[in-house]
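Pasting run13.tsv here (TSV, C-alpha atoms):
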```tsv
chain	number	residue	atom	x	y	z
N	5	MET	CA	2.87	320.83	120.28
N	6	ALA	CA	3.80	317.16	120.31
N	7	LEU	CA	4.17	315.64	116.88
N	8	PHE	CA	1.57	312.91	117.29
N	9	ALA	CA	-0.12	314.39	120.32
N	10	ARG	CA	-3.39	314.43	122.08
N	11	PRO	CA	-4.46	318.11	122.37
N	12	SER	CA	-1.85	319.81	124.56
N	13	VAL	CA	-1.22	323.26	125.99
N	14	VAL	CA	-0.62	324.44	122.43
N	15	ALA	CA	-3.93	325.01	120.66
N	16	LEU	CA	-2.60	324.10	117.23
N	17	SER	CA	-0.73	320.81	117.53
N	18	LEU	CA	1.31	319.42	114.68
N	19	CYS	CA	-0.66	316.23	115.13
N	20	SER	CA	-3.90	317.81	113.91
N	21	SER	CA	-2.13	319.22	110.88
N	22	ILE	CA	-0.54	315.88	110.01
N	23	LEU	CA	-3.92	314.19	110.28
N	24	ALA	CA	-5.55	316.73	108.01
N	25	ALA	CA	-2.79	316.32	105.44
N	26	CYS	CA	-3.13	312.54	105.57
N	27	GLY	CA	-6.92	312.40	105.42
N	28	GLY	CA	-7.66	312.02	109.13
N	29	SER	CA	-9.21	314.39	111.62
N	30	LEU	CA	-8.75	315.67	115.12
N	31	SER	CA	-11.36	317.82	116.82
N	32	SER	CA	-12.59	318.27	120.38
N	33	GLY	CA	-9.98	315.78	121.56
N	34	VAL	CA	-11.28	312.95	119.36
N	35	PRO	CA	-8.36	311.35	117.52
N	36	GLY	CA	-8.50	310.72	113.81
N	37	THR	CA	-6.61	308.07	111.88
N	38	LEU	CA	-2.86	308.46	112.08
N	39	PRO	CA	-0.76	307.34	109.12
N	40	HIS	CA	-0.90	303.51	109.06
N	41	GLY	CA	-3.46	303.53	111.88
N	42	ALA	CA	-2.36	302.39	115.34
N	43	PRO	CA	1.17	301.13	115.96
N	44	ALA	CA	1.78	297.77	114.34
N	45	SER	CA	1.40	294.53	116.28
N	46	VAL	CA	5.05	293.73	116.70
N	47	ARG	CA	6.23	290.13	116.55
N	48	HIS	CA	7.72	288.70	119.74
N	49	LEU	CA	11.08	290.48	119.88
N	50	PRO	CA	13.90	290.53	122.43
N	51	LEU	CA	13.55	293.51	124.77
N	52	THR	CA	17.18	294.49	124.43
N	53	ILE	CA	19.59	296.94	122.85
N	54	ALA	CA	20.72	295.74	119.43
N	55	GLY	CA	23.72	296.65	117.29
N	56	GLY	CA	26.65	298.62	118.66
N	57	ALA	CA	24.68	300.96	120.96
N	58	LYS	CA	25.79	301.44	124.57
N	59	HIS	CA	22.83	303.66	125.48
N	60	VAL	CA	19.51	304.40	123.80
N	61	PHE	CA	17.39	307.43	124.78
N	62	LEU	CA	13.65	307.89	124.19
N	63	SER	CA	11.72	311.13	124.85
N	64	ASP	CA	8.06	311.04	125.87
N	65	ALA	CA	6.17	314.26	125.12
N	66	VAL	CA	3.21	313.38	127.38
N	67	PHE	CA	5.01	312.03	130.45
N	68	ASN	CA	7.68	314.77	129.95
N	69	ILE	CA	10.59	312.41	130.51
N	70	VAL	CA	13.59	310.98	128.69
N	71	THR	CA	14.24	307.30	129.44
N	72	ILE	CA	17.83	306.03	129.29
N	73	PHE	CA	18.27	302.38	128.31
N	74	ASN	CA	21.64	300.88	129.20
N	75	ARG	CA	23.21	297.86	127.54
N	76	ASP	CA	23.09	295.93	130.83
N	77	GLY	CA	19.28	296.12	130.78
N	78	THR	CA	18.87	298.86	133.39
N	79	THR	CA	16.94	302.09	132.81
N	80	ARG	CA	16.87	305.57	134.29
N	81	GLN	CA	14.87	308.73	133.61
N	82	LEU	CA	15.60	312.41	133.09
N	83	SER	CA	12.85	314.91	133.89
N	84	GLY	CA	12.13	318.64	134.07
N	85	PHE	CA	10.93	319.03	130.47
N	86	GLN	CA	7.74	320.29	128.89
N	87	GLU	CA	7.07	318.24	125.75
N	88	PRO	CA	10.57	316.94	124.97
N	89	GLN	CA	10.74	315.90	121.33
N	90	GLY	CA	13.81	315.50	119.09
N	91	LEU	CA	17.02	314.04	120.55
N	92	THR	CA	20.59	313.72	119.32
N	93	SER	CA	24.08	312.97	120.67
N	94	ASP	CA	27.61	314.06	119.76
N	95	ALA	CA	30.97	312.31	119.45
N	96	ALA	CA	31.65	312.81	123.17
N	97	GLY	CA	28.38	311.11	124.09
N	98	ASN	CA	26.57	314.27	125.21
N	99	LEU	CA	22.78	314.04	124.93
N	100	TYR	CA	20.80	316.98	123.46
N	101	VAL	CA	17.06	317.32	124.12
N	102	ALA	CA	14.71	319.66	122.21
N	103	ASP	CA	12.53	320.84	125.10
N	104	THR	CA	9.78	322.30	122.96
N	105	ILE	CA	7.41	324.28	125.16
N	106	ASN	CA	10.28	325.49	127.35
N	107	ALA	CA	11.85	326.85	124.13
N	108	ARG	CA	15.33	325.46	124.68
N	109	ALA	CA	17.76	322.63	124.10
N	110	VAL	CA	19.04	320.89	127.22
N	111	VAL	CA	22.43	319.15	127.17
N	112	PHE	CA	23.38	316.26	129.47
N	113	ALA	CA	26.93	314.92	129.76
N	114	PRO	CA	27.74	311.29	130.60
N	115	PRO	CA	26.81	309.65	132.96
N	116	TYR	CA	23.52	311.53	132.34
N	117	ARG	CA	22.51	312.61	135.83
N	118	ASN	CA	19.36	314.69	136.06
N	119	ARG	CA	21.40	317.90	136.06
N	120	PRO	CA	22.00	319.66	132.71
N	121	ALA	CA	25.55	320.40	131.61
N	122	SER	CA	24.23	323.40	129.66
N	123	VAL	CA	21.07	324.97	128.27
N	124	LEU	CA	20.63	326.71	124.92
N	125	SER	CA	17.75	329.17	125.12
N	126	ASP	CA	15.57	329.66	122.06
N	127	ALA	CA	13.13	332.20	123.42
N	128	GLY	CA	10.10	332.87	121.28
N	129	GLU	CA	10.41	329.67	119.24
N	130	TRP	CA	9.25	326.05	119.40
N	131	PRO	CA	12.28	323.79	118.86
N	132	VAL	CA	11.23	320.25	117.89
N	133	ASP	CA	14.61	318.81	116.89
N	134	VAL	CA	18.31	319.38	117.48
N	135	ALA	CA	21.46	318.51	115.50
N	136	VAL	CA	25.20	318.78	116.23
N	137	ALA	CA	27.97	319.26	113.65
N	138	LYS	CA	31.49	317.79	113.71
N	139	ASP	CA	32.92	321.10	114.95
N	140	GLY	CA	30.35	321.35	117.76
N	141	THR	CA	27.93	323.79	116.09
N	142	VAL	CA	24.37	323.16	117.29
N	143	ALA	CA	21.21	323.69	115.22
N	144	LEU	CA	17.68	323.82	116.61
N	145	ALA	CA	14.81	323.14	114.21
N	146	ASN	CA	11.87	325.39	115.12
N	147	ILE	CA	8.61	324.17	113.64
N	148	CYS	CA	7.14	327.68	113.56
N	149	GLN	CA	6.99	331.01	115.32
N	150	PRO	CA	4.46	330.92	118.16
N	151	SER	CA	2.11	333.80	118.85
N	152	GLY	CA	-0.05	333.26	121.89
N	153	SER	CA	-1.58	329.83	121.39
N	154	GLN	CA	-1.09	329.83	117.62
N	155	CYS	CA	1.65	328.47	115.38
N	156	ILE	CA	2.23	331.15	112.76
N	157	GLY	CA	4.69	331.86	110.00
N	158	PRO	CA	7.37	329.58	108.64
N	159	GLY	CA	9.77	327.63	110.82
N	160	SER	CA	13.41	328.53	111.34
N	161	ILE	CA	16.80	327.05	112.15
N	162	ALA	CA	18.71	328.60	115.05
N	163	PHE	CA	22.49	328.03	115.07
N	164	TYR	CA	24.77	328.10	118.11
N	165	ALA	CA	28.59	328.08	117.96
N	166	ASN	CA	28.76	325.31	120.57
N	167	LYS	CA	26.77	323.56	123.30
N	168	LYS	CA	27.53	326.28	125.86
N	169	SER	CA	26.62	329.31	123.73
N	170	HIS	CA	24.46	331.89	125.44
N	171	LYS	CA	23.03	333.26	122.23
N	172	GLN	CA	22.44	332.29	118.61
N	173	CYS	CA	25.20	332.94	116.08
N	174	ALA	CA	22.77	332.77	113.11
N	175	THR	CA	19.08	332.26	112.41
N	176	VAL	CA	17.67	331.25	109.04
N	177	THR	CA	13.93	331.39	108.40
N	178	GLY	CA	12.34	328.90	106.06
N	179	LYS	CA	10.39	329.82	102.98
N	180	SER	CA	6.71	330.70	103.28
N	181	GLY	CA	4.60	327.84	104.59
N	182	MET	CA	7.53	325.70	105.80
N	183	LYS	CA	6.97	323.97	109.14
N	184	ILE	CA	10.42	322.60	109.96
N	185	LEU	CA	10.46	319.21	111.67
N	186	TRP	CA	13.84	317.41	111.70
N	187	ASP	CA	17.46	318.34	110.97
N	188	ALA	CA	20.91	316.71	110.67
N	189	PHE	CA	24.44	317.83	109.75
N	190	ASP	CA	26.69	316.13	107.23
N	191	ALA	CA	30.47	315.75	107.65
N	192	SER	CA	31.10	319.10	105.93
N	193	GLY	CA	28.79	321.11	108.19
N	194	ASN	CA	25.87	321.32	105.74
N	195	LEU	CA	22.55	321.10	107.56
N	196	TYR	CA	19.76	319.08	105.94
N	197	PHE	CA	16.21	319.41	107.17
N	198	ALA	CA	12.77	318.00	106.49
N	199	ALA	CA	9.73	320.27	106.56
N	200	SER	CA	6.04	320.20	105.81
N	201	LEU	CA	4.95	322.77	103.24
N	202	ASN	CA	1.55	324.04	104.37
N	203	TYR	CA	0.95	320.51	105.75
N	204	THR	CA	0.27	319.27	102.22
N	205	SER	CA	3.68	318.17	100.91
N	206	VAL	CA	7.20	317.39	102.11
N	207	VAL	CA	10.21	319.64	101.58
N	208	ILE	CA	13.83	318.54	101.96
N	209	ALA	CA	16.29	321.43	102.12
N	210	ARG	CA	19.89	322.32	102.88
N	211	ILE	CA	21.57	325.21	104.70
N	212	GLY	CA	25.33	325.74	104.44
N	213	GLY	CA	27.67	327.93	106.44
N	214	GLU	CA	26.72	327.03	110.03
N	215	CYS	CA	27.22	330.31	111.98
N	216	ASN	CA	27.50	332.14	108.65
N	217	ALA	CA	24.29	330.60	107.34
N	218	ARG	CA	22.06	332.94	105.36
N	219	SER	CA	19.63	331.07	103.09
N	220	VAL	CA	17.70	327.86	102.45
N	221	ILE	CA	18.24	325.72	99.34
N	222	VAL	CA	15.27	323.49	98.53
N	223	LEU	CA	16.36	320.11	97.18
N	224	LYS	CA	14.82	317.86	94.55
N	225	PRO	CA	14.60	314.14	95.43
N	226	ASN	CA	14.04	311.93	92.39
N	227	VAL	CA	11.26	310.03	94.21
N	228	GLN	CA	8.18	311.19	96.12
N	229	ILE	CA	8.46	311.44	99.89
N	230	VAL	CA	4.94	311.23	101.25
N	231	TRP	CA	5.84	312.00	104.86
N	232	ALA	CA	9.37	312.47	106.25
N	233	ALA	CA	9.53	310.74	109.62
N	234	GLY	CA	13.02	311.97	110.44
N	235	ILE	CA	16.24	312.73	108.58
N	236	GLN	CA	19.80	311.62	109.40
N	237	VAL	CA	23.24	311.44	107.78
N	238	ASP	CA	24.84	307.99	107.77
N	239	THR	CA	28.46	306.87	108.06
N	240	ASN	CA	28.86	307.13	104.26
N	241	ASN	CA	27.65	310.76	104.34
N	242	ASN	CA	24.42	309.75	102.58
N	243	ILE	CA	21.09	311.28	103.55
N	244	ALA	CA	18.70	308.83	105.23
N	245	ILE	CA	14.99	309.66	105.36
N	246	ILE	CA	12.16	307.51	106.65
N	247	ASN	CA	9.35	307.81	104.13
N	248	GLY	CA	6.29	307.51	106.34
N	249	PHE	CA	4.22	305.59	103.81
N	250	GLY	CA	6.62	303.92	101.40
N	251	ASN	CA	6.03	300.50	99.81
N	252	SER	CA	2.52	299.05	100.17
N	253	GLY	CA	1.72	301.33	103.09
N	254	ALA	CA	4.77	300.35	105.17
N	255	PRO	CA	7.38	302.96	106.12
N	256	THR	CA	10.62	302.72	104.15
N	257	ILE	CA	14.16	303.79	104.88
N	258	ASP	CA	15.18	305.78	101.81
N	259	ILE	CA	18.90	306.47	101.26
N	260	PHE	CA	19.93	309.40	99.06
N	261	GLN	CA	23.24	310.56	97.68
N	262	ALA	CA	23.62	314.29	98.17
N	263	VAL	CA	25.98	316.56	96.25
N	264	PRO	CA	26.53	319.90	98.07
N	265	SER	CA	26.93	321.75	94.76
N	266	SER	CA	23.63	320.38	93.41
N	267	ARG	CA	19.97	320.61	94.33
N	268	LYS	CA	19.40	316.99	93.33
N	269	LEU	CA	18.97	314.07	95.72
N	270	LYS	CA	19.45	310.72	94.02
N	271	GLU	CA	17.86	307.72	95.71
N	272	LEU	CA	20.28	304.83	96.22
N	273	SER	CA	17.93	302.38	97.96
N	274	ALA	CA	14.53	302.07	99.64
N	275	GLN	CA	13.72	299.23	102.02
N	276	PRO	CA	10.51	298.64	104.03
N	277	LEU	CA	10.46	298.59	107.84
N	278	LEU	CA	8.00	295.73	108.14
N	279	ASP	CA	7.13	295.76	111.85
N	280	SER	CA	6.58	299.51	112.14
N	281	GLY	CA	3.39	301.53	112.09
N	282	THR	CA	3.65	305.22	112.88
N	283	ILE	CA	7.31	306.30	113.00
N	284	VAL	CA	8.02	309.78	114.31
N	285	SER	CA	11.84	309.91	114.12
N	286	PHE	CA	14.91	307.67	114.09
N	287	ALA	CA	18.62	307.39	114.98
N	288	LEU	CA	21.64	305.53	113.57
N	289	THR	CA	24.45	303.79	115.45
N	290	GLN	CA	28.11	304.69	115.04
N	291	ASP	CA	29.05	301.38	113.41
N	292	GLY	CA	26.48	302.04	110.69
N	293	SER	CA	24.68	298.74	111.28
N	294	THR	CA	21.52	299.63	113.18
N	295	LEU	CA	18.56	302.00	112.95
N	296	TYR	CA	16.36	302.79	115.97
N	297	THR	CA	12.84	304.14	115.48
N	298	ALA	CA	10.78	306.35	117.76
N	299	GLU	CA	7.18	305.12	117.69
N	300	PRO	CA	4.36	306.14	120.05
N	301	HIS	CA	4.94	303.38	122.63
N	302	TYR	CA	8.35	301.86	121.90
N	303	SER	CA	11.47	301.81	119.76
N	304	LEU	CA	12.32	299.13	117.21
N	305	ALA	CA	15.82	298.25	116.01
N	306	TYR	CA	16.42	297.36	112.35
N	307	GLY	CA	19.46	296.41	110.36
N	308	TYR	CA	20.62	299.46	108.40
N	309	PRO	CA	20.11	300.07	105.50
N	310	ASN	CA	18.35	296.79	104.61
N	311	GLY	CA	15.34	297.29	106.90
N	312	GLY	CA	13.10	294.23	106.73
N	313	TYR	CA	11.80	292.85	110.00
N	314	ALA	CA	12.74	294.42	113.34
N	315	GLU	CA	15.53	292.79	115.35
N	316	ALA	CA	14.69	294.08	118.84
N	317	GLN	CA	12.28	296.28	120.76
N	318	ILE	CA	12.63	298.54	123.79
N	319	SER	CA	9.85	300.27	125.71
N	320	PRO	CA	9.99	302.53	128.79
N	321	PRO	CA	8.93	301.03	132.14
N	322	SER	CA	6.06	303.54	132.05
N	323	GLY	CA	4.84	301.90	128.83
N	324	GLY	CA	5.50	305.01	126.77
N	325	ASP	CA	2.62	307.37	126.03
N	326	LEU	CA	3.97	309.51	123.19
N	327	ILE	CA	7.56	308.71	122.25
N	328	GLU	CA	8.81	311.23	119.70
N	329	GLY	CA	12.60	311.36	119.92
N	330	VAL	CA	15.34	308.74	119.92
N	331	ALA	CA	19.12	308.99	120.22
N	332	VAL	CA	21.93	306.46	120.65
N	333	VAL	CA	25.46	306.49	122.05
N	334	PRO	CA	27.75	305.99	120.27
N	335	ALA	CA	25.93	307.50	117.31
N	336	ALA	CA	26.58	308.01	113.63
N	337	VAL	CA	27.66	311.62	114.05
N	338	PRO	CA	29.44	313.60	111.31
```

I need this file expressed as structure tokens, please.
Amino acid sequence: MALFARPSVVALSLCSSILAACGGSLSSGVPGTLPHGAPASVRHLPLTIAGGAKHVFLSDAVFNIVTIFNRDGTTRQLSGFQEPQGLTSDAAGNLYVADTINARAVVFAPPYRNRPASVLSDAGEWPVDVAVAKDGTVALANICQPSGSQCIGPGSIAFYANKKSHKQCATVTGKSGMKILWDAFDASGNLYFAASLNYTSVVIARIGGECNARSVIVLKPNVQIVWAAGIQVDTNNNIAIINGFGNSGAPTIDIFQAVPSSRKLKELSAQPLLDSGTIVSFALTQDGSTLYTAEPHYSLAYGYPNGGYAEAQISPPSGGDLIEGVAVVPAAVP
């Protein structure tokens, strides 16, 4: 089920669908051409944490680990997952892991020992990302509804009142054909998500109400988003989306102004991320200065929102086989 995966225990991986939508192929375990081809050859960069981050977390959906990078240069690993994908953190520094095949979100409190503080079960779904609101509400983005080895029906968002909830307080199903990928709350508790519509186009949508959520509002960006490689809300309450193709084939960081009473998303800026190839997701630091990417084998740090060339690179001691999620502490949380 991994986003840019080799064939896994799930017969229909999102990877194969992305490749088909982007003109590649994947059959009998033979990889096609991912967007932008292989990861870019990155210039010689300092292997260090940039910006105001104290910790950076990367999930690997093949090695089934989350690597913790500390500002002093040390690393540790969390394990016990089955295809961990999206990551996020809250104002208290708790780490949330979308543990996809195990159908749950796992929460780790500082200092991040390999013992969960809580687990949010999402039985019967495939959560690929997780978001936390200012009041502690948690939302899991389920790409689809699994049936046996197939990924059927539209995706859904499962809401939980807090990180220790034993059951969902609301579930909202996407419109027909929506495969929900990434989600993020704004400061008012509105949830924004990015989805693939039948693996042919990108949908950006909003859900209000948190535990009282009932319906999906599809939004209308004033520019084309070819592939949404993550969605976040920045310190100015603007919507940040990495457009997976962007200018001249390079990914761009596109910043939008969102008005909760409107369906329109107005683009404020778009800047290329020049050292990146295939970006899967990203995270923003609390001071609003730095963006971290999740790419198949490493994470790159960029100045936010100006993009340009990367400022630093981190890679797990294992080398990283399929990095899909990234989170930072302290983070730009609502």

Near Asn98 in chain N, within 7 Å and counting all atoms listed in the file, which residues show up once chain neighbours fewer than 3 positions away are dropped, as a PyMOL selection string?
-> chain N and resi 93-94+111-114

Pick from N:Val337, N:Leu195, N:Gln149, N:Asp258 nearest to Asn226 in chain N, counting all atoms listed in the file |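 Among the listed residues, the smallest separation from Asn226 in chain N belongs to N:Asp258.
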
For CA of Thr175 in chain N and CA of Gln236 in chain N, the interatomic separation in Å (one decimal) =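 Atom-to-atom, CA of Thr175 in chain N to CA of Gln236 in chain N, that is 20.9 Å.
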
Can you write out as a tab-separated table which residues of range 234-324 of chain N fall within 12 Å of range 52-71 of chain N, alongside each residue's closest atom pair and its distance in Å to one decimal, counting only C-alpha atoms and ordering rows by chain and ascending residue number?
```
residue	atom	partner	partner_atom	distance
N:Val284	CA	N:Ser63	CA	11.3
N:Ser285	CA	N:Leu62	CA	10.4
N:Phe286	CA	N:Leu62	CA	10.2
N:Ala287	CA	N:Val60	CA	9.4
N:Leu288	CA	N:Ala57	CA	9.2
N:Thr289	CA	N:Ala57	CA	6.2
N:Gln290	CA	N:Gly56	CA	7.2
N:Asp291	CA	N:Gly56	CA	6.4
N:Gly292	CA	N:Gly56	CA	8.7
N:Ser293	CA	N:Gly55	CA	6.4
N:Thr294	CA	N:Gly55	CA	5.5
N:Leu295	CA	N:Gly55	CA	8.6
N:Tyr296	CA	N:Val60	CA	8.6
N:Thr297	CA	N:Leu62	CA	9.5
N:Ala298	CA	N:Leu62	CA	7.2
N:Glu299	CA	N:Leu62	CA	9.6
N:Pro300	CA	N:Asp64	CA	8.5
N:His301	CA	N:Asp64	CA	8.9
N:Tyr302	CA	N:Leu62	CA	8.3
N:Ser303	CA	N:Leu62	CA	7.8
N:Leu304	CA	N:Ala54	CA	9.3
N:Ala305	CA	N:Ala54	CA	6.5
N:Tyr306	CA	N:Ala54	CA	8.4
N:Gly307	CA	N:Gly55	CA	8.1
N:Tyr308	CA	N:Gly55	CA	9.8
N:Ala314	CA	N:Ala54	CA	10.1
N:Glu315	CA	N:Ala54	CA	7.2
N:Ala316	CA	N:Thr52	CA	6.1
N:Gln317	CA	N:Thr52	CA	6.4
N:Ile318	CA	N:Thr52	CA	6.1
N:Ser319	CA	N:Leu62	CA	8.6
N:Pro320	CA	N:Thr71	CA	6.4
N:Pro321	CA	N:Thr71	CA	8.6
N:Ser322	CA	N:Phe67	CA	8.7
N:Gly323	CA	N:Asp64	CA	10.1
N:Gly324	CA	N:Asp64	CA	6.6
```

Using CA of Asn216 in chain N and CA of Gln172 in chain N as the two end points, give the distance in Å to one decimal.
->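 So the two atoms, CA of Asn216 in chain N and CA of Gln172 in chain N, lie 11.2 Å apart.
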
Between N:Ala137, N:Val101, N:Ala331, N:Ala162, which one has atoms that come closest to Ser192 in chain N, using all atoms listed in the file?
->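 The shortest atom-to-atom distance to Ser192 in chain N comes from N:Ala137.
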
What gap, in Å, lies between CA of Met182 in chain N and CA of Pro264 in chain N?
->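 Separating CA of Met182 in chain N from CA of Pro264 in chain N is a distance of 21.3 Å.
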
Measuring atom to atom with all atoms listed in the file, identify which of N:Pro276, N:Pro338, N:Pro120, N:Pro131 is nearest to Asn241 in chain N.
->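 Using all atoms listed in the file, the shortest distance to Asn241 in chain N belongs to N:Pro338.
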
Residue nearest Gly213 in chain N among N:Ile259, N:Cys148, N:Ala143, N:Ala199 (counting all atoms listed in the file) = N:Ala143

Given the choices N:Ala335, N:Ala188, N:Cys215, N:Val330, which gets closest to Phe73 in chain N if the distance is worked out from all atoms listed in the file?
-> N:Val330

Give as a PyMOL selection string each residue that has an atom at most 6 Å from (22.6, 311.0, 101.8) in the file, counting all atoms listed in the file.
-> chain N and resi 241-244+259-262

Is there a way to get, as a PyMOL selection string, all residues within 12 Å of the point (14.7, 309.4, 96.2) in file coordinates, counting only C-alpha atoms?
-> chain N and resi 208+223-230+232+242-247+250+256-262+268-275

Once you have the residues from the selection above, write them out as a tab-separated table (two decimals), keeping the file's coordinate frame, restricted to C-alpha atoms.
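See again07.tsv below for the written result:
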```
chain	number	residue	atom	x	y	z
N	208	ILE	CA	13.83	318.54	101.96
N	223	LEU	CA	16.36	320.11	97.18
N	224	LYS	CA	14.82	317.86	94.55
N	225	PRO	CA	14.60	314.14	95.43
N	226	ASN	CA	14.04	311.93	92.39
N	227	VAL	CA	11.26	310.03	94.21
N	228	GLN	CA	8.18	311.19	96.12
N	229	ILE	CA	8.46	311.44	99.89
N	230	VAL	CA	4.94	311.23	101.25
N	232	ALA	CA	9.37	312.47	106.25
N	242	ASN	CA	24.42	309.75	102.58
N	243	ILE	CA	21.09	311.28	103.55
N	244	ALA	CA	18.70	308.83	105.23
N	245	ILE	CA	14.99	309.66	105.36
N	246	ILE	CA	12.16	307.51	106.65
N	247	ASN	CA	9.35	307.81	104.13
N	250	GLY	CA	6.62	303.92	101.40
N	256	THR	CA	10.62	302.72	104.15
N	257	ILE	CA	14.16	303.79	104.88
N	258	ASP	CA	15.18	305.78	101.81
N	259	ILE	CA	18.90	306.47	101.26
N	260	PHE	CA	19.93	309.40	99.06
N	261	GLN	CA	23.24	310.56	97.68
N	262	ALA	CA	23.62	314.29	98.17
N	268	LYS	CA	19.40	316.99	93.33
N	269	LEU	CA	18.97	314.07	95.72
N	270	LYS	CA	19.45	310.72	94.02
N	271	GLU	CA	17.86	307.72	95.71
N	272	LEU	CA	20.28	304.83	96.22
N	273	SER	CA	17.93	302.38	97.96
N	274	ALA	CA	14.53	302.07	99.64
N	275	GLN	CA	13.72	299.23	102.02
```

Measuring atom to atom with all atoms listed in the file, identify which of N:Pro115, N:Pro334, N:Gly234, N:Gly212 is nearest to Gln89 in chain N.
->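 Of N:Pro115, N:Pro334, N:Gly234, N:Gly212, the one nearest Gln89 in chain N, counting all atoms listed in the file, is N:Gly234.
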
Spatial neighbours of Ser169 in chain N, 10 Å, all atoms listed in the file, chain gap at least 6 places, as a list of chain:residue names |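 The contact residues come out as N:Ser122, N:Val123, N:Leu124, N:Ser125, N:Thr141, N:Val142, N:Phe163.
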